Structures are given as C-alpha cells and as structure tokens.
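**Student:** If you scroll down you'll find the structure; I have some questions about it.
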Amino acid sequence: MASARHLQGFASVLLSVAGCAWWPARRGTHRPYWRWFGAYALLLLFAMPVRAEPPVVSLDALPRGPLGEFSHYLQEQPDAPLSLDAVRVALANQAFQPLSRATPSLGIGEPPTWFHLPLQNPDAEARPLRLLIGASWLDEIDIYQVQDGQPVQQWAAGDERRATQSLIPGAGYAVPLTVSPGRSELFIRVTSGDPLLFDLSVAQPLQQAHDDRIRHYLYGGLYGFLLALAAFNLLLFGGMGTRSHLQYAIYLLTFIALNLAYTGHGLSQFWPGEVMLQRYIILLLMVLYGSSGLWFACTFLALGEHAPRLKAGLESAVLSTLALMLALIAFDQHVPAAFLAFFFAIAFALAMVLLGIVTLHHGRSAGRYYLLAVTAGAGGAIVTALTVWGWVPATTAGFHAVEIGMVLEATLLALALANRMRHHERARKEAEQLARQDALTGLPNRRGFFEQAAGVWGNVLRRQRPLSVLMIDIDHFKPVNDRYGHDIGDQVLAAVANLLKQNSRVGDIVARWGGEEFLLLLPETELPQASALAERIRLAVAEQAALVAQHEHRLTVSIGCVQHRDEASLTDLIRAADQCLYSAKEQGRNRVAVAPAATLHPVVDAST
C-alpha cells in the first residue's frame, strides 16, 4: 500500500498538470510553451518536499552485506544532543535524510549522527539475529530497538568506551538482536572524531560465525605472509648488512601494526581499555607507515646520488609532519590530527610513485620493479583513504584495497630486492673474477693462478706425479713501450698471451705473472716434454715478424724450464723456474734454460 507521502506526491503532480492545462484555456490563449513551463514549475514546487520512506528490511529475505541504503540519517546540531524521543519525533516530521550508499562515510569531524533502520519480521515467532556495526574506530555507538512504539532493548559500544567485548576485529561491533513478529525499528547514534563510516549489517548468527571464520583465515594469511617477508629481510640485513633490507622490514612491520590498529585487532587483543592510545594510535601509525615507506624508497632508489635535493625535501616534509602530529596528540586535537593523517597518507602514496618516475627518468634500472610495486600499493592506499574519508563510494573492496595493494607491493618489492641481490651478486662475482684475472690478456693473475694450481699441486704431492713449470719473459719489452707507446705494448702482451694459450693443453695453467712475464704450469709433464714445448713457444714467437701492429719489430722470449724434484712448495718450484729464466737472460736471451743441467738451446737470432 502506498504511504501518505507517496499519495501526496502523486496528487501534486496531477494538480500541477491539471492547473497548467486549465489556466491557458481559461484565458482563451494558445501558448503551449507557457503551459508546459508552468506544469514543470508547479511539479517542482509540490514534489520537492516529498521524501520517500526507506524500504523495510524483511527478515524472510534478509539482504547480504551493508544496509545503508535501507536507512535514513539525522545529524545533531553542535552542543545540542537529541534524546531517543526527540529523534522519533524528528523522524515523524520527516527530518531524516535518505542514504544513497550501502556503506556511507560522512567525513572527518562530523557531529553525532542518528541512523534509522526499519525491520519487518513476517513470522509468528521472534528471530535471533546479530547486528554488526563498523568500523572499529567509531568513538561511541548507542543502539536502541523500538517495537510497537516502545523501546525494548539498548546497547552501547565504541572505542571511547572501555568495554570491548562486542568488538569483532576486522568487522566492527556486534550485538545480539531479537526481533519479535511485526515491525521493529533500530535507532543508532554514532559519534566519531575520525571518519564517520557507517557499515551496518544484520545476519543470522550461523552466517555471521561463518563470515568470522573466513575473516580470521584471511587476516591470518595476510599477517603470516607479511611477517615471514619481514623476518626474511631482517635475516638478509643481519647476514649482508644492507640497509634497504632493514628499512623494508620496518616498512612491512609498520603496516602490520597499522592494520592491527584500524581493524580493531589491537584494541581487542593488545591495548583493551586504553582510550587515549586508541584515539591516536591509528593516526600516528598512518604517518609512521608513510615515513618508513619513504625512508626505504630513498635508500633503495639511491636518491641521495641522483636527486639529493628531492631527498632533502622529503626528509624535511616527513620530519615536519611527525612533529606536527606529535604536537596535536599532546594537545588532544583529535579532528586536526585525523585530517593531517589522511592528507599525509594520500601525499605519501603519490610521492612513492613520483620517486619511481624520477628514478627511471634519471636512467636508474632500480625504478622498474619499484614503480610497478608501489603503483599497486599506492593505488590501494589512496582508494582506502578516500573510501574511509567518504570521497568515493564505500565498498568492501575499497575498504580492503590497501591490504590487497600491500600484498601485491610486498610481492613485487621482494622480487625487486631479489633482482637487486642478483645484480650485486653478479657484480661481486665479476669483481672477484677481475681480482683473479688479468684484464688485458684474460689470463689468471698470480692470485688466480695459485687458486687454480692448488689442486694440481696437491695431486702431485699425494700421487708423486710429474709436474713442470715454464717461466717466460719477453725480451727487450721496455723499448717497445718507449718507441711505439703503451697501447702497442698492450697489443704485444695480448698477442703473446694468445700464442701461449694456443700452444697449451687442456689441464695446463697459463698465467700472466707480472709485467712482461708469463707462467705455464704443466701437469703430468716430464722435463724433456716441457723443454720441447718451451722451444716450440720460443720459435713461434720469433717467427712472427708482425706482432707489433704495422711495425717491423721482431720479438723473442727467454724461458726457464724446471721439473718438480724435491721442492717443498709450489712457490719454491716457481722460484727455481725464475732462476733458470735469469740464466737464459744472462746468456744472451732468446733461449730456453733447463734445470738442473741448464741445457741451452741454440740462438735463432742473436742480433735481438
């Protein structure tokens, strides 16, 4: 059946149209545009005051999810609290406003607000239900149930009241509700210095218990994942000493603390009854979370290297915000602190993305993974902040967007840190390789030679296997540098190194010993075979007439050749080869000196 207000609106429309049609006809004029204009004006005049009653929630078709669209609301005037009787009179006088959203958020610092929800129980028996009101940060909640025009039940909740038994972490405040047959009404008064988010739902106890279990599993998975990631980064920091791993772990732990605070887990489990702490802990953690994220970003992106002024500006802004927040808390300025926290949360999210763009603009590869990660996290943070603040329609996905974004961001940043670790590991291995390798010739240097030769020497000592060493020196190398320059000298060294590698076998170790000296370690090689190889190398060098770029400058080498006899160490064996080399140089160069008899091979070209 249509209500009185519906009939009034319908009658207003009919009267408007009839009046506008009658007026021109009575005057004997024919001005259709005036007729329709008058009809439209009268329609607005009569129809604007009409307000439809909110639809009644029938318990035989109980909707799932928030019931904001079934409610009306009325805000109190400053310093003029309303009693339940006054509110019922205001409802009868149509002073309540309809809600257009399932989960409305009226903004920060709003006055106390009354909500009205009509219920209809078509059964012959009373129905037990559970009424759930979010969010956990609402200061004071007073709930009145009216049946047949008489108050029958009353409850009180809110984080400013020390009783937290009705708080369901992650959902809000829950109260048992018994709805008798017929029509019932709920009047709910909400006060909050934080965003006044009205998330109201009614469900069967069994359904709510199922929803609670699912919620606990989801939060357990979220916290478990983030805690494991934070612990892993702390271990990496302990093992590697990299600051970015410590800062990332702090960033994750700060988000976990913030999430525990605004979902109500903290109030329920960690600081129940602490009114002053609960009043400001969410707002303070919002600023600390953003500050820790910017701290991590500055280090991870090496902002001090390529954008020092931007880094200094961010540090000043963060410190100023922290100081202002602490001052507002000290003077118990709740509403200004809430505005500051939400402004900073949005600015922080935008700044995180901006840092990635700046880093990519400066040609730093670290910005790729980072930008992809923080775009997800920042997007989630902005959506949740605007949802809670009331700037965008509130939905379950919007309320939990920061958690979804944080999981994506944490996963992608973990990949970014892993990629950075691989980069550092690759650079470390390259540095170690360079420390063992001669950059000019590509041959092992002394350090690299001894690392490779350790196994060979151990095998010689254990199994008494033959081992020989060739010590090679380029004759008269200094004049090459003096006459043609060091670039040509480097080409000579590289050419000799290639010739030595071509004349060595698999298992032989060729190294640049220093300057123009080279060393060959020949496992499983007796002295005659070693001296024969030395002679082939000497002849090969002497036969190459164009080793010095385009210049006609022939090269020769002197070689000392020894076989392991009773030397106690590889160093002693190399020293013996060096003494043979010295002997070859003293006797005219361009020859092979063999120990112990120091047999000399003929000179090919004594003029060199």
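Order determines the names: the first chain of the structure tokens is A, the second B, and so forth; residues in each chain are numbered 1 upward, and ligands are numbered 1 upward as they are shown.
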Output as a ChimeraX atom specification all residues of region 81-228 of chain A that backbone DSSP marks as helix (DSSP H, G or I).

**Tutor:** /A:84-92,205-228

**Student:** Please dump the current selection as a CSV table (one decimal), in the first residue's frame; keep N, CA and C atoms.

**Tutor:**
chain,number,residue,atom,x,y,z
A,84,LEU,N,16.2,9.9,22.5
A,84,LEU,CA,15.5,9.0,21.6
A,84,LEU,C,14.1,9.5,21.2
A,85,ASP,N,13.4,10.0,22.2
A,85,ASP,CA,12.1,10.6,21.9
A,85,ASP,C,12.1,11.7,20.9
A,86,ALA,N,13.1,12.6,21.1
A,86,ALA,CA,13.2,13.7,20.1
A,86,ALA,C,13.5,13.2,18.7
A,87,VAL,N,14.3,12.2,18.6
A,87,VAL,CA,14.7,11.6,17.3
A,87,VAL,C,13.5,11.0,16.7
A,88,ARG,N,12.7,10.3,17.5
A,88,ARG,CA,11.4,9.7,16.9
A,88,ARG,C,10.5,10.8,16.4
A,89,VAL,N,10.4,11.9,17.1
A,89,VAL,CA,9.6,13.0,16.7
A,89,VAL,C,10.1,13.6,15.4
A,90,ALA,N,11.5,13.7,15.3
A,90,ALA,CA,12.1,14.2,14.1
A,90,ALA,C,11.8,13.3,12.9
A,91,LEU,N,11.8,12.0,13.1
A,91,LEU,CA,11.5,11.0,12.1
A,91,LEU,C,10.1,11.2,11.6
A,92,ALA,N,9.2,11.4,12.5
A,92,ALA,CA,7.8,11.5,12.2
A,92,ALA,C,7.6,12.8,11.4
A,205,PRO,N,23.0,-15.7,13.1
A,205,PRO,CA,24.2,-16.0,13.9
A,205,PRO,C,25.1,-17.0,13.2
A,206,LEU,N,24.5,-18.1,12.6
A,206,LEU,CA,25.4,-19.1,11.9
A,206,LEU,C,26.1,-18.5,10.7
A,207,GLN,N,25.4,-17.6,10.0
A,207,GLN,CA,26.1,-17.0,8.8
A,207,GLN,C,27.2,-16.1,9.3
A,208,GLN,N,27.0,-15.3,10.4
A,208,GLN,CA,28.0,-14.4,10.9
A,208,GLN,C,29.2,-15.2,11.4
A,209,ALA,N,28.9,-16.4,12.0
A,209,ALA,CA,30.0,-17.2,12.5
A,209,ALA,C,30.9,-17.7,11.4
A,210,HIS,N,30.2,-18.1,10.3
A,210,HIS,CA,31.0,-18.5,9.1
A,210,HIS,C,31.8,-17.3,8.5
A,211,ASP,N,31.2,-16.1,8.4
A,211,ASP,CA,31.9,-15.0,8.0
A,211,ASP,C,33.1,-14.7,8.9
A,212,ASP,N,32.9,-14.8,10.2
A,212,ASP,CA,34.1,-14.6,11.1
A,212,ASP,C,35.2,-15.5,10.9
A,213,ARG,N,34.9,-16.8,10.6
A,213,ARG,CA,36.0,-17.8,10.4
A,213,ARG,C,36.8,-17.4,9.1
A,214,ILE,N,36.0,-17.1,8.0
A,214,ILE,CA,36.7,-16.7,6.8
A,214,ILE,C,37.6,-15.5,7.0
A,215,ARG,N,37.0,-14.5,7.8
A,215,ARG,CA,37.8,-13.2,8.0
A,215,ARG,C,39.1,-13.6,8.8
A,216,HIS,N,39.0,-14.4,9.8
A,216,HIS,CA,40.2,-14.8,10.6
A,216,HIS,C,41.2,-15.5,9.7
A,217,TYR,N,40.8,-16.4,8.8
A,217,TYR,CA,41.7,-17.0,7.9
A,217,TYR,C,42.4,-16.0,7.0
A,218,LEU,N,41.7,-15.1,6.5
A,218,LEU,CA,42.3,-14.1,5.6
A,218,LEU,C,43.3,-13.2,6.3
A,219,TYR,N,42.9,-12.7,7.5
A,219,TYR,CA,43.9,-11.9,8.2
A,219,TYR,C,45.1,-12.7,8.7
A,220,GLY,N,44.8,-14.0,9.1
A,220,GLY,CA,46.0,-14.8,9.4
A,220,GLY,C,46.9,-15.0,8.3
A,221,GLY,N,46.4,-15.2,7.0
A,221,GLY,CA,47.2,-15.3,5.9
A,221,GLY,C,48.0,-14.1,5.6
A,222,LEU,N,47.3,-12.9,5.7
A,222,LEU,CA,47.9,-11.6,5.4
A,222,LEU,C,49.1,-11.4,6.4
A,223,TYR,N,48.8,-11.5,7.7
A,223,TYR,CA,49.9,-11.3,8.7
A,223,TYR,C,51.0,-12.3,8.6
A,224,GLY,N,50.7,-13.5,8.3
A,224,GLY,CA,51.7,-14.5,8.2
A,224,GLY,C,52.6,-14.3,7.0
A,225,PHE,N,52.0,-13.9,5.9
A,225,PHE,CA,52.9,-13.6,4.7
A,225,PHE,C,53.8,-12.4,4.9
A,226,LEU,N,53.2,-11.3,5.5
A,226,LEU,CA,54.0,-10.1,5.7
A,226,LEU,C,55.0,-10.3,6.8
A,227,LEU,N,54.7,-11.0,7.9
A,227,LEU,CA,55.7,-11.3,8.9
A,227,LEU,C,56.8,-12.2,8.4
A,228,ALA,N,56.5,-13.2,7.6
A,228,ALA,CA,57.6,-14.0,7.0
A,228,ALA,C,58.5,-13.2,6.1

**Student:** Could you name the residues that touch Ala385 (chain A) at 12 Å or less, counting only C-alpha atoms, but leaving out those on the same chain fewer than 2 positions away, as an MDAnalysis selection string?

**Tutor:** chainID A and resid 105 107:108 194:195 197 262 283 286 338:339 341:349 378:383 387:394 398:403

**Student:** Just the residues within 9 Å of Thr525 (chain A), please, counting only C-alpha atoms, with nothing from its chain fewer than 6 positions along; format it as a PyMOL selection string.

**Tutor:** chain A and resi 465-468+563

**Student:** Can you write out the residues you just picked, keeping all heavy atoms, as an mmCIF file, in the first residue's frame?

**Tutor:**
data_model
loop_
_atom_site.group_PDB
_atom_site.id
_atom_site.type_symbol
_atom_site.label_atom_id
_atom_site.label_comp_id
_atom_site.auth_asym_id
_atom_site.auth_seq_id
_atom_site.Cartn_x
_atom_site.Cartn_y
_atom_site.Cartn_z
ATOM 1 N N ARG A 465 103.150 -37.508 -8.955
ATOM 2 C CA ARG A 465 103.037 -37.363 -10.392
ATOM 3 C C ARG A 465 103.992 -36.270 -10.872
ATOM 4 O O ARG A 465 104.338 -35.348 -10.139
ATOM 5 C CB ARG A 465 101.608 -36.984 -10.797
ATOM 6 C CG ARG A 465 100.556 -37.957 -10.315
ATOM 7 C CD ARG A 465 100.836 -39.356 -10.818
ATOM 8 N NE ARG A 465 100.846 -39.398 -12.276
ATOM 9 C CZ ARG A 465 101.257 -40.436 -12.993
ATOM 10 N NH1 ARG A 465 101.730 -41.521 -12.366
ATOM 11 N NH2 ARG A 465 101.226 -40.408 -14.299
ATOM 12 N N PRO A 466 104.448 -36.343 -12.142
ATOM 13 C CA PRO A 466 105.389 -35.338 -12.659
ATOM 14 C C PRO A 466 104.693 -33.991 -12.854
ATOM 15 O O PRO A 466 103.504 -33.910 -13.165
ATOM 16 C CB PRO A 466 105.840 -35.927 -13.991
ATOM 17 C CG PRO A 466 104.739 -36.852 -14.407
ATOM 18 C CD PRO A 466 104.188 -37.424 -13.131
ATOM 19 N N LEU A 467 105.471 -32.926 -12.692
ATOM 20 C CA LEU A 467 104.968 -31.571 -12.860
ATOM 21 C C LEU A 467 106.116 -30.676 -13.284
ATOM 22 O O LEU A 467 107.194 -30.709 -12.673
ATOM 23 C CB LEU A 467 104.370 -31.046 -11.540
ATOM 24 C CG LEU A 467 103.861 -29.606 -11.558
ATOM 25 C CD1 LEU A 467 102.618 -29.498 -12.431
ATOM 26 C CD2 LEU A 467 103.570 -29.128 -10.136
ATOM 27 N N SER A 468 105.871 -29.871 -14.329
ATOM 28 C CA SER A 468 106.905 -28.955 -14.811
ATOM 29 C C SER A 468 106.349 -27.536 -14.883
ATOM 30 O O SER A 468 105.140 -27.326 -14.952
ATOM 31 C CB SER A 468 107.404 -29.376 -16.197
ATOM 32 O OG SER A 468 108.011 -30.653 -16.132
ATOM 33 N N GLN A 563 111.448 -29.045 -13.591
ATOM 34 C CA GLN A 563 110.528 -30.106 -13.206
ATOM 35 C C GLN A 563 110.594 -30.284 -11.698
ATOM 36 O O GLN A 563 111.659 -30.124 -11.096
ATOM 37 C CB GLN A 563 110.886 -31.428 -13.886
ATOM 38 C CG GLN A 563 109.911 -32.569 -13.510
ATOM 39 C CD GLN A 563 110.278 -33.882 -14.159
ATOM 40 O OE1 GLN A 563 111.145 -33.927 -15.050
ATOM 41 N NE2 GLN A 563 109.645 -34.963 -13.721
#

**Student:** Could you please write out, as a PyMOL selection string, every residue of region 26-249 of chain A that DSSP assigns to strand (DSSP E)?

**Tutor:** chain A and resi 57-58+72-75+97-98+113-121+127-134+140-147+150-157+167-168+172-179+182-191+199-203

**Student:** Write out as a list of chain:residue names the residues lying within 9 Å of region 304-309 of chain A, counting only C-alpha atoms and excluding same-chain residues fewer than 6 positions away.

**Tutor:**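 The filter keeps A:Cys298, A:Val358, A:Thr359, A:His362, A:Arg364.
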
**Student:** Can you pull out the residues contacting Thr556 (chain A)? Cut-off 6 Å, using only C-alpha atoms, and skip same-chain residues under 6 positions away; I want them as a list in words.

**Tutor:**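 Non-adjacent residues within range: Asp475, Val541, Ala542 and Asn590 of chain A.
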
**Student:** Can you work out which one of A:Pro151, A:Gly442, A:Gly68, A:Pro118 has the shortest atom-to-atom distance to Pro104 (chain A), counting only C-alpha atoms?

**Tutor:**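 With only C-alpha atoms as the atom set, the closest residue is A:Gly68.
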
**Student:** List the neighbours of Phe270 (chain A) out to 12 Å using only C-alpha atoms; skip same-chain residues closer than 2 positions along the sequence, and give me the result as a PyMOL selection string.

**Tutor:** chain A and resi 164+169+257+260-261+264-268+272-274+277-278

**Student:** Would you mind exporting the chosen residues as a PDB file, in the first residue's frame, restricted to N, CA, C and O atoms?

**Tutor:**
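File produced: selection-v9.pdb:
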ATOM      1  N   THR A 164      35.110  -3.676  25.431  1.00  0.00           N
ATOM      2  CA  THR A 164      35.429  -4.093  24.059  1.00  0.00           C
ATOM      3  C   THR A 164      34.936  -5.509  23.768  1.00  0.00           C
ATOM      4  O   THR A 164      35.367  -6.122  22.793  1.00  0.00           O
ATOM      5  N   PRO A 169      37.224  -8.030  15.592  1.00  0.00           N
ATOM      6  CA  PRO A 169      38.318  -7.470  14.790  1.00  0.00           C
ATOM      7  C   PRO A 169      38.105  -7.712  13.305  1.00  0.00           C
ATOM      8  O   PRO A 169      37.760  -8.807  12.876  1.00  0.00           O
ATOM      9  N   ALA A 257      51.368  -3.201  12.011  1.00  0.00           N
ATOM     10  CA  ALA A 257      50.891  -2.501  13.210  1.00  0.00           C
ATOM     11  C   ALA A 257      49.707  -1.603  12.875  1.00  0.00           C
ATOM     12  O   ALA A 257      48.712  -1.554  13.624  1.00  0.00           O
ATOM     13  N   LEU A 260      46.639  -3.796  12.280  1.00  0.00           N
ATOM     14  CA  LEU A 260      46.123  -4.287  13.559  1.00  0.00           C
ATOM     15  C   LEU A 260      45.332  -3.199  14.279  1.00  0.00           C
ATOM     16  O   LEU A 260      44.325  -3.484  14.942  1.00  0.00           O
ATOM     17  N   ALA A 261      45.786  -1.947  14.141  1.00  0.00           N
ATOM     18  CA  ALA A 261      45.120  -0.846  14.838  1.00  0.00           C
ATOM     19  C   ALA A 261      43.770  -0.522  14.215  1.00  0.00           C
ATOM     20  O   ALA A 261      42.753  -0.436  14.915  1.00  0.00           O
ATOM     21  N   GLY A 264      40.897  -3.173  14.475  1.00  0.00           N
ATOM     22  CA  GLY A 264      40.400  -3.465  15.811  1.00  0.00           C
ATOM     23  C   GLY A 264      41.107  -4.608  16.500  1.00  0.00           C
ATOM     24  O   GLY A 264      40.820  -4.898  17.673  1.00  0.00           O
ATOM     25  N   HIS A 265      42.043  -5.284  15.815  1.00  0.00           N
ATOM     26  CA  HIS A 265      42.788  -6.355  16.471  1.00  0.00           C
ATOM     27  C   HIS A 265      43.595  -5.825  17.649  1.00  0.00           C
ATOM     28  O   HIS A 265      43.724  -6.486  18.685  1.00  0.00           O
ATOM     29  N   GLY A 266      44.165  -4.638  17.486  1.00  0.00           N
ATOM     30  CA  GLY A 266      44.962  -4.066  18.564  1.00  0.00           C
ATOM     31  C   GLY A 266      44.116  -3.742  19.781  1.00  0.00           C
ATOM     32  O   GLY A 266      44.465  -4.087  20.918  1.00  0.00           O
ATOM     33  N   LEU A 267      42.968  -3.069  19.567  1.00  0.00           N
ATOM     34  CA  LEU A 267      42.093  -2.720  20.677  1.00  0.00           C
ATOM     35  C   LEU A 267      41.547  -3.967  21.357  1.00  0.00           C
ATOM     36  O   LEU A 267      41.385  -4.000  22.586  1.00  0.00           O
ATOM     37  N   SER A 268      41.271  -4.989  20.579  1.00  0.00           N
ATOM     38  CA  SER A 268      40.698  -6.204  21.143  1.00  0.00           C
ATOM     39  C   SER A 268      41.721  -7.049  21.901  1.00  0.00           C
ATOM     40  O   SER A 268      41.407  -7.621  22.946  1.00  0.00           O
ATOM     41  N   PRO A 272      43.338  -3.239  25.193  1.00  0.00           N
ATOM     42  CA  PRO A 272      41.923  -3.029  25.530  1.00  0.00           C
ATOM     43  C   PRO A 272      41.773  -2.018  26.657  1.00  0.00           C
ATOM     44  O   PRO A 272      42.517  -2.025  27.633  1.00  0.00           O
ATOM     45  N   GLY A 273      40.798  -1.142  26.491  1.00  0.00           N
ATOM     46  CA  GLY A 273      40.521  -0.153  27.523  1.00  0.00           C
ATOM     47  C   GLY A 273      41.405   1.067  27.513  1.00  0.00           C
ATOM     48  O   GLY A 273      41.178   1.996  28.296  1.00  0.00           O
ATOM     49  N   GLU A 274      42.423   1.114  26.653  1.00  0.00           N
ATOM     50  CA  GLU A 274      43.319   2.282  26.593  1.00  0.00           C
ATOM     51  C   GLU A 274      42.714   3.316  25.640  1.00  0.00           C
ATOM     52  O   GLU A 274      43.003   3.327  24.447  1.00  0.00           O
ATOM     53  N   LEU A 277      45.207   5.920  23.928  1.00  0.00           N
ATOM     54  CA  LEU A 277      46.049   5.241  22.942  1.00  0.00           C
ATOM     55  C   LEU A 277      45.246   4.917  21.688  1.00  0.00           C
ATOM     56  O   LEU A 277      45.696   5.169  20.564  1.00  0.00           O
ATOM     57  N   GLN A 278      44.041   4.368  21.865  1.00  0.00           N
ATOM     58  CA  GLN A 278      43.223   4.011  20.716  1.00  0.00           C
ATOM     59  C   GLN A 278      42.797   5.245  19.929  1.00  0.00           C
ATOM     60  O   GLN A 278      42.654   5.198  18.706  1.00  0.00           O
TER      61      GLN A 278
END

**Student:** When you draw a straight line from CA of Gly363 (chain A) to CA of Ala351 (chain A), how long is it in Å?

**Tutor:**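 Separating CA of Gly363 (chain A) from CA of Ala351 (chain A) is a distance of 18.6 Å.
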
**Student:** Which residues are close to Glu125 (chain A), i.e. within 9 Å by only C-alpha atoms, leaving aside same-chain residues fewer than 6 positions away? Reply as a list in words.

**Tutor:**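 With the cut-off at 9 Å, the set is Val179, Ser180 and Pro181 of chain A.
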
**Student:** Can you work out the spacing between CA of Ala373 (chain A) and CA of Met352 (chain A) in Å, to one decimal?

**Tutor:** 9.9 Å
